[in-house]
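structure-v7.cif, holding mmCIF, C-alpha atoms:
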```cif
data_upload
loop_
_atom_site.label_atom_id
_atom_site.label_comp_id
_atom_site.auth_asym_id
_atom_site.auth_seq_id
_atom_site.Cartn_x
_atom_site.Cartn_y
_atom_site.Cartn_z
CA MET A 1 66.13 -85.34 -4.92
CA HIS A 2 68.30 -86.93 -2.28
CA THR A 3 69.51 -90.43 -3.21
CA GLY A 4 68.61 -91.74 0.25
CA LEU A 5 65.02 -90.71 -0.27
CA ASP A 6 65.05 -92.37 -3.71
CA ASP A 7 66.10 -95.63 -2.07
CA ILE A 8 63.37 -95.38 0.56
CA LEU A 9 60.82 -94.63 -2.16
CA SER A 10 61.96 -97.63 -4.23
CA GLU A 11 61.79 -99.91 -1.21
CA ALA A 12 58.37 -98.62 -0.22
CA ALA A 13 57.16 -99.01 -3.82
CA SER A 14 58.13 -102.68 -3.70
CA GLY A 15 55.93 -103.14 -0.63
CA ASN A 16 58.40 -102.62 2.24
CA LEU A 17 56.21 -101.32 5.07
CA ARG A 18 59.15 -100.09 7.17
CA ALA A 19 60.30 -97.89 4.29
CA PHE A 20 56.77 -96.60 3.91
CA GLU A 21 56.63 -95.82 7.62
CA ARG A 22 59.71 -93.64 7.17
CA ILE A 23 58.00 -91.81 4.32
CA TYR A 24 55.01 -91.32 6.60
CA LYS A 25 57.13 -89.96 9.43
CA ILE A 26 58.91 -87.49 7.16
CA ASN A 27 55.72 -86.14 5.56
CA ALA A 28 52.83 -86.73 7.96
CA ASN A 29 53.14 -83.38 9.74
CA PHE A 30 52.76 -81.16 6.74
CA VAL A 31 50.04 -83.34 5.20
CA TYR A 32 48.04 -83.16 8.44
CA ASN A 33 48.63 -79.42 8.75
CA ILE A 34 47.49 -78.62 5.22
CA ALA A 35 44.44 -80.85 5.68
CA PHE A 36 43.60 -79.18 8.98
CA ARG A 37 44.08 -75.65 7.65
CA ILE A 38 41.83 -76.33 4.66
CA THR A 39 39.06 -78.03 6.65
CA ASN A 40 39.52 -76.57 10.14
CA ASN A 41 38.30 -79.88 11.47
CA LYS A 42 40.54 -82.34 13.28
CA GLU A 43 38.49 -85.45 12.45
CA LEU A 44 38.43 -84.57 8.75
CA ALA A 45 42.15 -83.74 8.83
CA GLU A 46 42.87 -87.18 10.31
CA GLU A 47 40.68 -88.87 7.70
CA ILE A 48 42.36 -86.91 4.90
CA THR A 49 45.87 -87.75 6.19
CA GLN A 50 44.92 -91.42 6.22
CA ASP A 51 43.47 -91.23 2.69
CA VAL A 52 46.49 -89.35 1.37
CA PHE A 53 48.97 -91.95 2.62
CA LEU A 54 46.88 -94.85 1.35
CA LYS A 55 46.78 -93.16 -2.06
CA ILE A 56 50.54 -92.66 -1.90
CA TYR A 57 51.06 -96.33 -0.98
CA LYS A 58 48.86 -97.58 -3.82
CA ASN A 59 50.40 -95.27 -6.39
CA LEU A 60 54.07 -95.32 -5.41
CA LYS A 61 54.81 -97.80 -8.20
CA ASN A 62 53.50 -95.31 -10.77
CA PHE A 63 55.34 -92.35 -9.26
CA ARG A 64 57.86 -90.95 -11.69
CA PHE A 65 61.03 -90.22 -9.84
CA ARG A 66 61.75 -87.25 -12.08
CA ALA A 67 58.88 -85.38 -10.46
CA SER A 68 59.26 -83.91 -7.01
CA PHE A 69 57.88 -86.25 -4.41
CA LYS A 70 56.85 -83.38 -2.16
CA THR A 71 55.00 -81.63 -4.99
CA TRP A 72 53.16 -84.87 -5.63
CA ILE A 73 52.15 -85.17 -1.97
CA TYR A 74 51.06 -81.50 -1.85
CA ARG A 75 48.82 -82.12 -4.86
CA ILE A 76 47.26 -85.28 -3.43
CA THR A 77 46.72 -83.56 -0.07
CA VAL A 78 45.10 -80.40 -1.42
CA ASN A 79 42.88 -82.33 -3.86
CA THR A 80 41.85 -84.84 -1.20
CA ALA A 81 41.08 -82.06 1.29
CA ILE A 82 39.00 -80.04 -1.18
CA ASN A 83 37.15 -83.15 -2.38
CA THR A 84 36.45 -84.19 1.21
CA LEU A 85 34.97 -80.77 1.93
CA LYS A 86 32.79 -81.02 -1.20
CA ARG A 87 31.70 -84.55 -0.27
CA GLU A 88 30.79 -83.41 3.25
CA ALA A 89 28.87 -80.50 1.79
CA ALA A 90 26.94 -82.82 -0.55
CA LYS A 91 26.27 -85.22 2.30
CA TRP A 92 24.75 -82.56 4.48
CA GLY A 93 23.10 -80.76 1.56
CA ARG A 94 24.72 -77.44 2.21
CA ARG A 95 27.97 -75.63 2.02
CA ILE A 96 30.25 -76.49 4.89
CA HIS A 97 31.12 -73.33 6.70
CA TYR A 98 34.54 -72.97 8.09
CA GLU A 99 33.89 -73.34 11.78
CA GLU A 100 34.51 -70.07 13.52
CA TYR A 101 36.17 -70.05 16.86
CA ASN A 102 34.17 -68.99 19.84
CA SER A 103 36.12 -65.84 20.22
CA LYS A 104 34.06 -62.94 21.52
CA HIS A 105 36.47 -60.56 19.87
CA SER A 106 36.30 -59.59 16.23
CA ALA A 107 39.33 -60.39 14.07
CA ALA A 108 40.21 -56.69 14.03
CA GLU A 109 40.25 -56.55 17.80
CA ALA A 110 42.19 -59.77 18.02
CA VAL A 111 44.85 -58.38 15.68
CA ARG A 112 45.48 -55.58 18.14
CA GLU A 113 45.89 -57.94 21.04
CA ARG A 114 49.22 -59.13 22.20
CA LEU A 115 50.11 -62.19 20.21
CA ASN A 116 50.81 -65.59 21.51
CA LYS A 117 50.41 -68.94 19.84
CA GLU A 118 46.83 -69.47 20.85
CA GLU A 119 45.73 -66.04 19.73
CA ASN A 120 47.63 -66.48 16.49
CA GLU A 121 45.77 -69.73 15.88
CA ILE A 122 42.44 -67.95 16.43
CA ILE A 123 43.41 -65.25 13.95
CA ILE A 124 44.54 -67.79 11.34
CA LYS A 125 41.26 -69.65 11.63
CA LYS A 126 39.34 -66.38 11.38
CA LEU A 127 41.28 -65.31 8.31
CA LEU A 128 40.88 -68.67 6.57
CA SER A 129 37.15 -68.69 7.31
CA TYR A 130 36.69 -65.65 5.02
CA ILE A 131 37.94 -67.41 1.87
CA ASN A 132 36.91 -70.41 -0.23
CA PRO A 133 38.77 -73.79 -0.18
CA GLU A 134 40.61 -73.17 -3.48
CA GLN A 135 41.89 -69.79 -2.26
CA ARG A 136 42.69 -71.36 1.10
CA ALA A 137 44.88 -73.98 -0.57
CA CYS A 138 46.87 -71.26 -2.37
CA VAL A 139 47.29 -69.19 0.81
CA ILE A 140 48.44 -72.23 2.81
CA LEU A 141 50.95 -73.29 0.17
CA LYS A 142 52.25 -69.72 -0.18
CA ASP A 143 52.28 -68.40 3.37
CA ILE A 144 52.70 -71.53 5.47
CA GLU A 145 54.60 -73.87 3.15
CA GLY A 146 56.57 -71.04 1.50
CA LEU A 147 56.05 -72.12 -2.12
CA THR A 148 56.46 -69.68 -5.01
CA TYR A 149 53.63 -68.91 -7.46
CA LYS A 150 55.33 -71.17 -10.01
CA GLU A 151 55.60 -74.05 -7.53
CA ILE A 152 51.96 -73.65 -6.50
CA SER A 153 50.89 -73.65 -10.14
CA LYS A 154 52.89 -76.84 -10.73
CA THR A 155 51.58 -78.46 -7.56
CA LEU A 156 47.92 -77.72 -8.18
CA LYS A 157 48.27 -78.05 -11.97
CA ILE A 158 46.70 -74.65 -12.56
CA ASN A 159 47.84 -71.61 -14.52
CA ILE A 160 50.22 -69.25 -12.71
CA ASN A 161 47.79 -66.37 -13.33
CA THR A 162 45.06 -68.37 -11.60
CA VAL A 163 47.39 -68.71 -8.60
CA ARG A 164 48.03 -64.97 -8.71
CA SER A 165 44.35 -64.05 -8.91
CA ARG A 166 43.31 -66.53 -6.23
CA LEU A 167 45.94 -65.16 -3.86
CA LYS A 168 45.03 -61.57 -4.67
CA ARG A 169 41.30 -62.17 -4.10
CA ALA A 170 42.04 -64.10 -0.92
CA ARG A 171 44.22 -61.33 0.53
CA ILE A 172 41.74 -58.60 -0.42
CA THR A 173 38.86 -60.55 1.16
CA MET A 174 40.82 -61.18 4.35
CA LEU A 175 42.03 -57.59 4.48
CA LYS A 176 38.55 -56.15 4.01
CA ASN A 177 37.30 -58.25 6.89
CA ILE A 178 39.87 -57.01 9.32
CA VAL A 179 40.40 -53.41 8.22
CA ASN A 180 37.64 -50.85 7.89
CA ILE A 181 38.62 -49.63 4.47
CA ASN A 182 36.52 -50.79 1.53
CA ASP A 183 38.56 -49.42 -1.33
CA ILE A 184 41.89 -50.51 0.08
CA LEU A 185 42.98 -52.27 -3.11
CA MET B 1 54.88 -44.84 -10.09
CA ARG B 2 51.26 -43.96 -9.29
CA CYS B 3 49.36 -45.33 -6.25
CA GLN B 4 46.88 -47.13 -8.51
CA LYS B 5 49.65 -49.13 -10.15
CA ILE B 6 51.22 -49.87 -6.76
CA LYS B 7 47.89 -51.26 -5.53
CA ARG B 8 47.79 -53.55 -8.56
CA LEU B 9 51.27 -54.88 -7.85
CA ILE B 10 51.37 -54.82 -4.06
CA ILE B 11 50.37 -58.49 -3.57
CA ASP B 12 53.10 -59.70 -5.96
CA TYR B 13 55.48 -57.33 -4.18
CA VAL B 14 54.84 -58.73 -0.68
CA ASP B 15 54.98 -62.25 -2.10
CA GLY B 16 58.43 -61.56 -3.56
CA GLU B 17 57.22 -62.32 -7.09
CA LEU B 18 58.36 -59.11 -8.82
CA ASN B 19 61.54 -58.52 -10.78
CA GLU B 20 64.30 -56.37 -9.33
CA ARG B 21 63.42 -53.27 -11.39
CA LEU B 22 59.76 -53.18 -10.29
CA ARG B 23 60.69 -54.04 -6.73
CA ARG B 24 63.00 -51.02 -6.52
CA LYS B 25 60.37 -48.71 -7.98
CA ILE B 26 57.81 -49.86 -5.43
CA ASN B 27 60.38 -49.58 -2.63
CA SER B 28 61.02 -45.94 -3.42
CA HIS B 29 57.29 -45.19 -3.77
CA LEU B 30 56.53 -46.76 -0.38
CA LYS B 31 59.11 -44.53 1.28
CA ASP B 32 57.21 -41.43 0.18
CA CYS B 33 53.58 -42.62 0.24
CA PRO B 34 52.05 -43.27 3.70
CA SER B 35 48.78 -44.57 2.24
CA CYS B 36 50.44 -47.30 0.14
CA ARG B 37 52.84 -48.05 2.98
CA TYR B 38 49.87 -48.60 5.28
CA ILE B 39 48.42 -51.16 2.87
CA GLU B 40 51.76 -52.94 2.54
CA GLN B 41 52.32 -53.05 6.30
CA THR B 42 48.75 -54.16 7.03
CA LEU B 43 49.07 -56.97 4.51
CA ARG B 44 52.25 -58.16 6.12
CA SER B 45 51.39 -57.70 9.79
CA SER B 46 47.68 -58.54 9.77
CA ILE B 47 47.71 -61.44 7.34
CA ILE B 48 50.98 -62.89 6.11
CA GLU B 49 52.88 -62.79 9.42
CA HIS B 50 50.17 -64.79 11.17
CA PHE B 51 50.51 -67.62 8.69
CA LYS B 52 54.28 -67.54 8.88
CA GLU B 53 54.09 -67.92 12.66
CA SER B 54 51.47 -70.63 12.51
CA GLU B 55 51.92 -73.59 14.79
CA MET B 56 52.98 -76.91 13.24
CA LEU B 57 50.39 -79.41 14.42
CA LYS B 58 51.24 -83.05 14.97
CA PRO B 59 48.91 -85.76 13.74
CA PRO B 60 47.83 -88.28 16.40
CA ASP B 61 49.85 -91.52 16.47
CA ILE B 62 46.75 -93.58 15.82
CA ILE B 63 46.69 -92.44 12.18
CA TRP B 64 49.73 -94.56 11.31
CA ASP B 65 48.13 -97.59 12.99
CA LYS B 66 44.98 -97.08 10.93
CA ILE B 67 47.02 -96.77 7.72
CA LYS B 68 48.97 -99.92 8.57
CA ASN B 69 45.74 -101.84 9.25
CA ASN B 70 44.23 -100.67 5.97
CA ILE B 71 47.31 -101.79 4.04
CA ALA B 72 47.23 -105.19 5.77
CA LYS B 73 43.52 -105.59 4.98
CA GLU B 74 44.14 -104.74 1.37
CA LYS B 75 46.98 -107.26 1.12
CA GLU B 76 44.78 -109.95 2.69
CA GLY B 77 42.02 -109.12 0.24
CA LYS B 78 44.44 -109.49 -2.66
CA SER B 79 45.82 -112.82 -1.47
CA LEU B 80 42.29 -114.16 -0.86
CA TYR B 81 41.38 -113.13 -4.41
CA ARG B 82 44.46 -114.98 -5.72
CA LEU B 83 43.51 -118.06 -3.68
CA ILE B 84 40.00 -118.11 -5.08
CA ASN B 85 41.48 -117.88 -8.60
CA TYR B 86 43.81 -120.80 -7.95
CA TRP B 87 40.96 -122.80 -6.55
CA LEU B 88 38.78 -122.12 -9.60
CA GLU B 89 41.69 -123.14 -11.84
CA CYS B 90 42.00 -126.40 -9.94
CA ILE B 91 38.27 -127.11 -10.32
CA LYS B 92 38.54 -126.44 -14.07
CA ILE B 93 41.41 -128.91 -14.29
CA GLY B 94 39.38 -131.42 -12.31
CA ILE B 95 36.55 -131.16 -14.84
CA LYS B 96 38.95 -131.53 -17.82
CA ARG B 97 41.02 -134.36 -16.33
CA PRO B 98 38.88 -136.76 -14.33
CA LEU B 99 42.01 -138.62 -13.17
CA LEU B 100 42.99 -135.60 -11.08
CA PHE B 101 39.53 -135.06 -9.67
CA PRO B 102 40.04 -137.22 -6.55
CA ALA B 103 43.33 -135.42 -5.80
CA ILE B 104 41.68 -132.00 -6.10
CA THR B 105 38.70 -133.05 -3.99
CA THR B 106 41.02 -134.43 -1.33
CA ALA B 107 43.14 -131.25 -1.39
CA THR B 108 40.02 -129.07 -1.08
CA ILE B 109 38.77 -131.07 1.89
CA VAL B 110 42.22 -130.94 3.53
CA ILE B 111 42.38 -127.19 3.00
CA LEU B 112 38.91 -126.67 4.46
CA VAL B 113 39.84 -128.78 7.48
CA ILE B 114 42.98 -126.70 7.96
CA ILE B 115 40.99 -123.47 7.69
CA LEU B 116 38.40 -124.65 10.18
CA PHE B 117 40.67 -126.19 12.79
CA LEU B 118 44.35 -125.44 12.50
CA GLY B 119 43.80 -121.91 11.19
CA ARG B 120 42.14 -120.85 14.41
CA VAL B 121 44.66 -122.56 16.66
CA SER B 122 48.17 -122.03 15.44
CA MET B 123 48.58 -120.38 12.05
CA THR B 124 48.20 -116.73 11.33
CA ARG B 125 45.98 -115.91 8.40
CA ASN B 126 48.88 -114.87 6.19
CA ARG B 127 50.87 -118.02 6.83
CA LEU B 128 47.78 -120.09 6.22
CA ASN B 129 47.08 -118.27 2.96
CA SER B 130 50.59 -118.85 1.70
CA TYR B 131 50.37 -122.53 2.63
CA ILE B 132 47.08 -122.93 0.74
CA GLU B 133 48.53 -120.97 -2.19
CA TYR B 134 51.50 -123.35 -2.25
CA GLN B 135 49.17 -126.37 -2.28
CA MET B 136 47.12 -124.90 -5.12
CA GLN B 137 50.24 -124.20 -7.14
CA PHE B 138 51.39 -127.75 -6.52
CA ILE B 139 48.14 -129.15 -7.95
CA LEU B 140 48.46 -126.85 -10.98
CA ARG B 141 52.04 -128.02 -11.54
CA LEU B 142 50.88 -131.61 -11.23
CA SER B 143 48.34 -131.10 -14.00
CA GLU B 144 50.98 -129.56 -16.28
CA ASP B 145 53.33 -132.48 -15.66
CA GLU B 146 50.50 -134.87 -16.44
CA LYS B 147 50.78 -133.90 -20.10
CA ASP B 148 53.97 -136.00 -20.33
CA SER B 149 53.35 -138.67 -17.77
CA TYR B 150 50.89 -138.97 -14.96
CA PHE B 151 53.44 -138.85 -12.14
CA GLY B 152 55.96 -136.89 -14.15
CA ILE B 153 59.10 -138.52 -12.71
CA GLY B 154 62.15 -136.46 -13.56
CA GLU B 155 60.13 -133.23 -13.91
CA THR B 156 58.25 -133.33 -10.63
CA ASP B 157 60.79 -132.98 -7.91
CA PHE B 158 59.43 -134.40 -4.67
CA GLY B 159 62.51 -133.26 -2.84
CA THR B 160 63.03 -136.21 -0.48
CA SER B 161 65.40 -139.11 -0.93
CA ILE B 162 62.90 -141.76 0.28
CA GLU B 163 60.42 -140.71 -2.42
CA GLU B 164 63.14 -140.75 -5.08
CA PHE B 165 64.13 -144.23 -3.88
CA LEU B 166 60.56 -145.57 -3.97
CA LEU B 167 59.80 -144.06 -7.36
#
```

Could I get this structure in the form of structure tokens?
Amino acid sequence: MHTGLDDILSEAASGNLRAFERIYKINANFVYNIAFRITNNKELAEEITQDVFLKIYKNLKNFRFRASFKTWIYRITVNTAINTLKREAAKWGRRIHYEEYNSKHSAAEAVRERLNKEENEIIIKKLLSYINPEQRACVILKDIEGLTYKEISKTLKININTVRSRLKRARITMLKNIVNINDIL
Amino acid sequence: MRCQKIKRLIIDYVDGELNERLRRKINSHLKDCPSCRYIEQTLRSSIIEHFKESEMLKPPDIIWDKIKNNIAKEKEGKSLYRLINYWLECIKIGIKRPLLFPAITTATIVILVIILFLGRVSMTRNRLNSYIEYQMQFILRLSEDEKDSYFGIGETDFGTSIEEFLL
């Protein structure tokens, strides 16, 4: 870990709010993005981002500097996002469905369309709507954040084979929803 | 390598999680097998590529303000809790040492007056809290010094030359 970051972390751990603001600025984007991709809801993503940074602030003193700070934040973010989804589901007495975008096209049709950012966003939301939150977390950490299986397993504190099987099931589910071949894998 | 085995390994292959030997074997199979190549290309182009090109969203600025407010509230809560503890300690001392009771009662009244009047006008809550905390600590110190002598000259430093002169 970079020494500069260590210093900022130490200062923030001793209650320096300016140092903590720097930590926020460095990490807020990816925390918000992961939260949004898992929930597909901007209000929930904002709430999760807030919760994550309050948890970080409260627990910075207990953070062991030998561990990777980013791994720690990934773990807090994913767990907070999944727990928020479960809490929302319990509150409303049903499973929260990943909100589908009002696209009149099917995902398969959309894939064939010329891509731009907006269309890509629609496709991503479509794809993520086919899988469960745990699989979603693995896909986001692998394909968006670029983590390896080993890093994901360390981040989520799960077995590497669980990471492998979650990713495999997630990809097969997504693939089956966009390609008309049932026995593709 | 057979197609069935390729299908079992294809996810690890596109994720770059296979060793060099297996990767080469799959590479050469994909060159000759259009069916497996279709799966590999579909996986990449219809799923993985979309995520790789995903837009990085920015959280609204208001989130940091909310976090900052929450931290401030928490700090205030903690210092209020400390104040109440000090106050309770002072009351306990007042019960044990009746000689100090008038001093504690006076201090409590003074503090309440400050909270009610000055607090609203000129002092921020944090400054006020630290002032009250200081007063509470002073009373506690006074009770400790009382063990040796009531006014504790020599141990209780009043910090001004006129007081030193008078005492």

Which residues match the PyMOL selection byres ((chain B) within 6 of (chain A)) in the file above, as a ChimeraX atom specification? /B:7,51-52,57-59,67

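Relative to CA of Ile158 (chain A), CA of Asn59 (chain A) is found at 21.8 Å.
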
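The interatomic distance for the pair CA of Ala35 (chain A) and CA of Ile73 (chain A) works out to 11.7 Å.
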
What is the distance between CA of Arg44 (chain B) and CA of Gly16 (chain B), in Å to one decimal? 12.0 Å

Determine, counting all atoms listed in the file, every residue of protein, DNA or RNA that lies within 12 Å of (57.2, -48.0, -3.5) in the file coordinates, then give the result as a PyMOL selection string. chain B and resi 1-7+9-10+13-14+21-40
